[in-house]
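Accompanying notes for the structure given below.
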Amino acid sequence: MNVWPLRFTDVGRDALLFCDEAGGFFRSDDAFLERYANDILTEADRDFLLAGGHSFEEEGDRHHVGFAARWAKRQFVPGPLEYIILVPTLRCDLACRYCQVSRVNANARGFDWNEATLNAVLALIDSLTSERIKIEFQGGEPLLRLDLLSRVRDFCRRRFRSAEFVVCTNLQKVSEEAWAFLAAADTFVSTSFDGDALTHTRQRTLDPAQTATFLSNLERAMTTLGTGKVSALPTIDPDNPPAPDAIIAGFARLGLRSIYLRPVNYHGFARKRFGQGDQQLWNAYYDRFIDALIAYNAHAAEPMEEFYFTHCLRRIFRAGHHGHVDMRNPNILGADYLVIDHDGTLYPTDEARMMTRIGQMDLSIGSVFGGLDQEKLQILNANSDNNFHEDCGQCVFQPFCGVDVIDDLSRYGRIDLSRHETAFCRRHTALFTRIFELIYTDDAATRRSLAAWLGVPAFDPALAPVHK
């Protein structure tokens with residue numbers, strides 16, 4: 001019998017977590033590790049490893065092929081370009097303290113698409129080979145140029161068999177014309193709500209009256225557009241965060257069931273005001289938030305989730321769960337999604353756009369007038385996977401984790417640091433450690449939340465394999 005290489009880590013309580021390269025995992029102990037390391041596996045060990053897909057009898061048998069298929073499914077292979085972030089204007093009618101995009105004032109000139117840029121954007125969209133498209137309008141505040149949004153949407157509806165649109169808006173000033181635009185069945189709203197009115201006022205509006213206007217508009221969106229068409233994302237200052245219970249209560253009151261909890265992003269204006277932040281402080285707050293969600297879900301008729309925690313949990317159990325572009329491996333840039341700025345410049349991610357905007361590093365990859373810079377993309381993508389990195393190769397969480405070259409460049413100006421020294425690694429090591437802690441708990445409330453987050457009726461103990 002041939003055993004696939006197993007990585008392992010101490011998870012406390014005299015237990016070790018083992019994982020193979022295809023993401024198959026189980027918990028065992030030091031005695032098994034000694035037998036495995038010294039090639040003195042017992043018959044029970046061999047039976048367990050074979051049944052769990054961690055070994056095979058001979059090359060080409062069903063166990064060997066099954067492992068290869070699971071490993072391949074964990075590798076992200078980009079499809080055609082069909083997700084585009086458009087920034088028709090940098091102008092905004094708010095001045096949020098943690099703004100990451102370096103917006104300009106609402107009355108500034110020269111920060112919107114002109115006719116030539118719009119036509120070039122539409123020409124690029126028209127050249128795509130996919131039969132479907134998703135357009136995300138960002139800014140600035142995109143509703144300041146509702147005319148541009150309408151022209152793009154009208155074009156895409158004619159051009160593609162399936163089209164979906166997301167408007168990222170602060171919902172501060174919404175005209176009746178804008179409400180009518182947002183009411184379309186193929187159009188969705190993404191906004192920012194920092195959990196409670198006091199925090200939202202401190203970080204975004206700086207004015208209780210403006211916060212009241214925003215909350216009124218958010219409630220109208222939930223009522224008239226429907227809960228399935230509206231998402232709201234809180235941005236958290238780890239040095240002064242709202243209580244987790246306050247955020248959960250605020251979202252539940254509005255009928256929102258998914259919370260994407262984000263620390264202040266290290267980009268744009270926020271870079272100067274907040275710095276990189278304390279990763280340990282964020283991890284501790286995040287743990288408290290997950291605890292609060294589990295406590296809430298224990299008695300709630302409709303459970304709530306933290307989006308990123310749920311996404312990473314599903315990556316463990318579902319090879320091929322690649323939906324979130326910030327968590328893929330390999331994380332190929334400039335392939336299936338693209339960012340087009342207010343001046344027609346192309347970027348691989350929104351964060352790359354922010355870095356270029358503040359003059360930190362030019363990470364543009366072309367323009368709508370001249371096309372993609374393939375040479376620059378090739379350089380960025382040379383380090384876009386974690387499969388063979390010397391640090392990641394020893395990590396038990398590697399099959400579930402991703403890569404963020406842009407974040408490393410933003411924080412450190414380089415990509416050759418040891419992975420465990422990066423904020424990305426510290427965050428995800430803590431996150432996956434916590435997820436596996438919950439997977440192996442016997443607590444009924446925790447298992448209720450896990451089942452809800454995985455979309456199954458109940459959390460089967462068989463999902464947490466143990467070998468002695």
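Labels for the structure tokens follow display order: chains A, B, ..., residues from 1 in each chain, ligands from 1.
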Apply DSSP to the structure's backbone, then extract all residues of region 59-126 of chain A labelled strand (DSSP E) and return them as a ChimeraX atom specification. /A:83-86,91-92,104-105
I need the chosen residues saved as an mmCIF file, in the first residue's frame, with N, CA, C and O atoms.
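Below is the file out.cif, written as the result:
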data_model
loop_
_atom_site.group_PDB
_atom_site.id
_atom_site.type_symbol
_atom_site.label_atom_id
_atom_site.label_comp_id
_atom_site.auth_asym_id
_atom_site.auth_seq_id
_atom_site.Cartn_x
_atom_site.Cartn_y
_atom_site.Cartn_z
ATOM 1 N N TYR A 83 -16.636 38.487 -15.539
ATOM 2 C CA TYR A 83 -16.915 39.282 -14.335
ATOM 3 C C TYR A 83 -16.051 40.538 -14.412
ATOM 4 O O TYR A 83 -14.816 40.454 -14.396
ATOM 5 N N ILE A 84 -16.679 41.695 -14.529
ATOM 6 C CA ILE A 84 -15.942 42.938 -14.697
ATOM 7 C C ILE A 84 -16.420 43.967 -13.672
ATOM 8 O O ILE A 84 -17.624 44.199 -13.523
ATOM 9 N N ILE A 85 -15.457 44.559 -12.973
ATOM 10 C CA ILE A 85 -15.737 45.669 -12.063
ATOM 11 C C ILE A 85 -15.519 46.966 -12.830
ATOM 12 O O ILE A 85 -14.428 47.195 -13.367
ATOM 13 N N LEU A 86 -16.537 47.790 -12.891
ATOM 14 C CA LEU A 86 -16.467 49.051 -13.612
ATOM 15 C C LEU A 86 -16.509 50.217 -12.632
ATOM 16 O O LEU A 86 -17.313 50.212 -11.691
ATOM 17 N N ARG A 91 -15.929 60.096 -8.117
ATOM 18 C CA ARG A 91 -16.556 61.091 -7.253
ATOM 19 C C ARG A 91 -17.481 60.423 -6.232
ATOM 20 O O ARG A 91 -18.131 59.425 -6.523
ATOM 21 N N CYS A 92 -17.530 61.006 -5.043
ATOM 22 C CA CYS A 92 -18.356 60.438 -3.971
ATOM 23 C C CYS A 92 -18.908 61.568 -3.113
ATOM 24 O O CYS A 92 -18.264 62.606 -2.936
ATOM 25 N N VAL A 104 -12.693 61.073 -4.801
ATOM 26 C CA VAL A 104 -12.599 62.531 -4.867
ATOM 27 C C VAL A 104 -13.964 63.115 -4.528
ATOM 28 O O VAL A 104 -14.975 62.411 -4.496
ATOM 29 N N ASN A 105 -14.002 64.418 -4.248
ATOM 30 C CA ASN A 105 -15.246 65.067 -3.866
ATOM 31 C C ASN A 105 -16.271 65.009 -5.000
ATOM 32 O O ASN A 105 -15.926 64.944 -6.180
#
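Considering only region 379-425 of chain A, backbone DSSP assigns helix (DSSP H, G or I) to Ile379, Leu380, Asn381, Cys392, Gly393, Gln394, Gln398, Pro399, Phe400, Val405, Ile406, Asp407, Asp408, Leu409, Ser410, Arg411, Tyr412, Arg419, His420, Glu421, Ala423, Phe424 and Cys425 of chain A.
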For Leu171 (chain A), find every residue with an atom within 8 Å (counting only C-alpha atoms), except residues of its own chain fewer than 6 positions away, and show them as a PDB file with N, CA and C atoms, in the first residue's frame.
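And here's part-v9.pdb as it stands now:
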ATOM      1  N   THR A 191     -23.960  47.481  -0.204  1.00  0.00           N
ATOM      2  CA  THR A 191     -23.691  48.719   0.510  1.00  0.00           C
ATOM      3  C   THR A 191     -22.872  48.427   1.753  1.00  0.00           C
ATOM      4  N   PHE A 214     -29.371  57.252   5.689  1.00  0.00           N
ATOM      5  CA  PHE A 214     -28.869  55.987   5.150  1.00  0.00           C
ATOM      6  C   PHE A 214     -29.710  54.813   5.635  1.00  0.00           C
ATOM      7  N   ASN A 217     -32.936  54.619   3.882  1.00  0.00           N
ATOM      8  CA  ASN A 217     -32.775  54.104   2.521  1.00  0.00           C
ATOM      9  C   ASN A 217     -32.490  52.609   2.514  1.00  0.00           C
ATOM     10  N   LEU A 218     -31.689  52.136   3.485  1.00  0.00           N
ATOM     11  CA  LEU A 218     -31.403  50.701   3.562  1.00  0.00           C
ATOM     12  C   LEU A 218     -32.670  49.917   3.862  1.00  0.00           C
TER      13      LEU A 218
END
Tell me, counting only C-alpha atoms, for each residue of region 132-181 of chain A within 10 Å of region 195-210 of chain A, which pair of atoms is nearest and how far apart they are in Å to one decimal, in rows ordered by chain and increasing number, as CSV.
residue,atom,partner,partner_atom,distance
A:Asn170,CA,A:Arg204,CA,9.5
A:Gln172,CA,A:Gln210,CA,7.3
A:Lys173,CA,A:Gln210,CA,9.5
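Going from CA of Ala37 (chain A) to CA of Gly52 (chain A) covers 18.6 Å.
Shortest atom-to-atom contact with Gly228 (chain A) among A:Glu136, A:Asp341, A:Asp29, A:Asp186: A:Asp186, counting only C-alpha atoms.
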Quick one: residues within 9 Å of Gln138 (chain A), only C-alpha atoms, excluding same-chain residues fewer than 4 positions away - as a ChimeraX atom specification? /A:85-90,142,166-169
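Every protein, DNA or RNA residue with an atom at most 9 Å from Phe309 (chain A), where only C-alpha atoms count and chain neighbours fewer than 2 positions away do not, is listed here: Tyr260, Ile290, Glu305, Glu306, Phe307, His311, Cys312, Leu313, Arg314, Leu431, Phe432, Ile435 and Trp453 of chain A.
When only C-alpha atoms are used to measure the gap to Leu122 (chain A), the shortest distance among A:Asp39, A:Asp20, A:Asp154, A:Glu59 belongs to A:Asp154.
With distances restricted to only C-alpha atoms, A:Leu124 is the closest residue to Phe369 (chain A) from A:Ala462, A:Leu233, A:Ala335, A:Leu124.
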Would you list the contacts of region 220-226 of chain A as a PyMOL selection string, taking every protein, DNA or RNA residue within 12 Å and counting only C-alpha atoms, but skipping same-chain residues closer than 6 positions in sequence? chain A and resi 169-172+174+176+178-191+213-214+232+251-257
Would you save the residues of that selection, restricted to N, CA, C and O atoms, as a compact mmCIF listing (two decimals), in the first residue's frame?
# COMPACT_ATOMS: atom_id res chain seq x y z
N THR A 169 -23.12 50.93 -3.67
CA THR A 169 -23.55 52.30 -3.39
C THR A 169 -23.59 52.55 -1.89
O THR A 169 -23.85 51.64 -1.11
N ASN A 170 -23.35 53.80 -1.52
CA ASN A 170 -23.45 54.14 -0.09
C ASN A 170 -24.91 54.38 0.33
O ASN A 170 -25.18 54.59 1.52
N LEU A 171 -25.85 54.34 -0.61
CA LEU A 171 -27.28 54.52 -0.33
C LEU A 171 -27.56 55.80 0.44
O LEU A 171 -28.51 55.87 1.23
N GLN A 172 -26.75 56.81 0.23
CA GLN A 172 -26.93 58.04 0.97
C GLN A 172 -27.93 58.97 0.29
O GLN A 172 -28.84 59.52 0.92
N VAL A 174 -30.43 58.72 -2.94
CA VAL A 174 -30.97 57.84 -3.96
C VAL A 174 -32.21 58.51 -4.57
O VAL A 174 -33.23 58.67 -3.89
N GLU A 176 -35.48 58.93 -7.18
CA GLU A 176 -36.53 58.01 -7.59
C GLU A 176 -36.13 57.28 -8.88
O GLU A 176 -36.47 56.11 -9.08
N ALA A 178 -33.09 56.44 -9.58
CA ALA A 178 -32.15 55.40 -9.15
C ALA A 178 -32.89 54.22 -8.53
O ALA A 178 -32.54 53.05 -8.77
N TRP A 179 -33.93 54.49 -7.74
CA TRP A 179 -34.72 53.40 -7.15
C TRP A 179 -35.33 52.54 -8.26
O TRP A 179 -35.35 51.31 -8.16
N ALA A 180 -35.81 53.19 -9.30
CA ALA A 180 -36.39 52.44 -10.42
C ALA A 180 -35.32 51.59 -11.10
O ALA A 180 -35.57 50.44 -11.50
N PHE A 181 -34.12 52.13 -11.25
CA PHE A 181 -33.01 51.38 -11.85
C PHE A 181 -32.69 50.15 -11.00
O PHE A 181 -32.50 49.04 -11.53
N LEU A 182 -32.62 50.33 -9.69
CA LEU A 182 -32.25 49.24 -8.79
C LEU A 182 -33.34 48.18 -8.66
O LEU A 182 -33.06 47.06 -8.25
N ALA A 183 -34.55 48.53 -9.04
CA ALA A 183 -35.67 47.59 -8.88
C ALA A 183 -35.68 46.49 -9.92
O ALA A 183 -36.41 45.50 -9.77
N ALA A 184 -34.86 46.60 -10.96
CA ALA A 184 -34.84 45.58 -12.01
C ALA A 184 -34.43 44.22 -11.44
O ALA A 184 -33.58 44.13 -10.55
N ALA A 185 -35.01 43.17 -11.97
CA ALA A 185 -34.77 41.82 -11.44
C ALA A 185 -33.31 41.38 -11.56
O ALA A 185 -32.84 40.57 -10.76
N ASP A 186 -32.58 41.91 -12.53
CA ASP A 186 -31.20 41.49 -12.75
C ASP A 186 -30.17 42.39 -12.06
O ASP A 186 -28.97 42.26 -12.28
N THR A 187 -30.66 43.29 -11.19
CA THR A 187 -29.78 44.28 -10.58
C THR A 187 -29.82 44.16 -9.06
O THR A 187 -30.91 44.09 -8.47
N PHE A 188 -28.64 44.16 -8.44
CA PHE A 188 -28.51 43.95 -7.01
C PHE A 188 -27.77 45.13 -6.37
O PHE A 188 -27.08 45.88 -7.04
N VAL A 189 -27.92 45.23 -5.05
CA VAL A 189 -27.32 46.34 -4.31
C VAL A 189 -26.34 45.80 -3.29
O VAL A 189 -26.63 44.84 -2.56
N SER A 190 -25.16 46.41 -3.25
CA SER A 190 -24.18 46.13 -2.19
C SER A 190 -23.85 47.46 -1.53
O SER A 190 -23.52 48.44 -2.20
N THR A 191 -23.96 47.48 -0.20
CA THR A 191 -23.69 48.72 0.51
C THR A 191 -22.87 48.43 1.75
O THR A 191 -22.51 47.28 2.03
N THR A 213 -30.65 59.01 7.46
CA THR A 213 -31.07 58.94 6.06
C THR A 213 -30.62 57.63 5.42
O THR A 213 -31.39 56.98 4.70
N PHE A 214 -29.37 57.25 5.69
CA PHE A 214 -28.87 55.99 5.15
C PHE A 214 -29.71 54.81 5.63
O PHE A 214 -30.11 53.94 4.84
N ALA A 232 -25.09 43.97 2.74
CA ALA A 232 -24.48 45.08 3.46
C ALA A 232 -23.24 44.56 4.19
O ALA A 232 -23.30 43.52 4.84
N PHE A 251 -28.03 43.67 11.94
CA PHE A 251 -28.28 42.99 10.67
C PHE A 251 -29.56 42.16 10.75
O PHE A 251 -30.35 42.13 9.79
N ALA A 252 -29.79 41.50 11.87
CA ALA A 252 -30.99 40.68 12.01
C ALA A 252 -32.24 41.55 11.96
O ALA A 252 -33.26 41.15 11.37
N ARG A 253 -32.17 42.72 12.55
CA ARG A 253 -33.32 43.62 12.55
C ARG A 253 -33.73 44.03 11.14
O ARG A 253 -34.90 44.23 10.84
N LEU A 254 -32.73 44.13 10.26
CA LEU A 254 -33.00 44.51 8.87
C LEU A 254 -33.39 43.31 7.99
O LEU A 254 -33.76 43.48 6.83
N GLY A 255 -33.26 42.10 8.53
CA GLY A 255 -33.56 40.91 7.75
C GLY A 255 -32.37 40.40 6.95
O GLY A 255 -32.54 39.55 6.06
N LEU A 256 -31.17 40.90 7.26
CA LEU A 256 -29.95 40.45 6.57
C LEU A 256 -29.39 39.23 7.30
O LEU A 256 -29.21 39.25 8.52
N ARG A 257 -29.10 38.17 6.57
CA ARG A 257 -28.67 36.92 7.20
C ARG A 257 -27.21 36.58 6.94
O ARG A 257 -26.72 35.56 7.43
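Across the model, the gap from CA of Leu148 (chain A) to CA of Ile365 (chain A) is 23.4 Å.
For the atom pair formed by CA of Asn387 (chain A) and CA of Pro330 (chain A), the distance is 8.1 Å, given to one decimal.
Proximity to Tyr286 (chain A) was assessed for A:Pro242, A:Ala352, A:Ala120, A:Thr9 counting only C-alpha atoms; the smallest distance is recorded for A:Pro242.
Nearest-residue note for Ala451 (chain A): choosing from A:Phe388, A:Phe317, A:Phe400, A:Phe76, the minimum distance belongs to A:Phe317, counting only C-alpha atoms.
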So which residues touch Phe32 (chain A) within 9 Å, counting only C-alpha atoms, skipping near sequence neighbours fewer than 6 positions away, as a list in words? Leu41, Asp45, His467 and Lys468 of chain A
Keeping only N, CA and C atoms, take the residues you just selected and write them out as a JSON list (two decimals), in the first residue's frame.
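What follows is the written file result24.json:
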[["chain", "number", "residue", "atom", "x", "y", "z"],
["A", 41, "LEU", "N", 2.99, 1.01, 10.18],
["A", 41, "LEU", "CA", 1.54, 1.12, 10.28],
["A", 41, "LEU", "C", 0.91, -0.23, 10.58],
["A", 45, "ASP", "N", -4.49, 0.87, 10.83],
["A", 45, "ASP", "CA", -4.04, 2.12, 10.20],
["A", 45, "ASP", "C", -4.25, 2.06, 8.69],
["A", 467, "HIS", "N", -9.01, 8.90, 14.04],
["A", 467, "HIS", "CA", -8.37, 7.58, 14.01],
["A", 467, "HIS", "C", -7.45, 7.43, 15.21],
["A", 468, "LYS", "N", -7.54, 6.33, 15.86],
["A", 468, "LYS", "CA", -6.68, 6.04, 17.01],
["A", 468, "LYS", "C", -5.68, 4.96, 16.64]]
Counting only C-alpha atoms, figure out which residue out of A:Ile406, A:Val368, A:Leu17, A:Ile247 gets nearest to Asn383 (chain A). A:Ile406
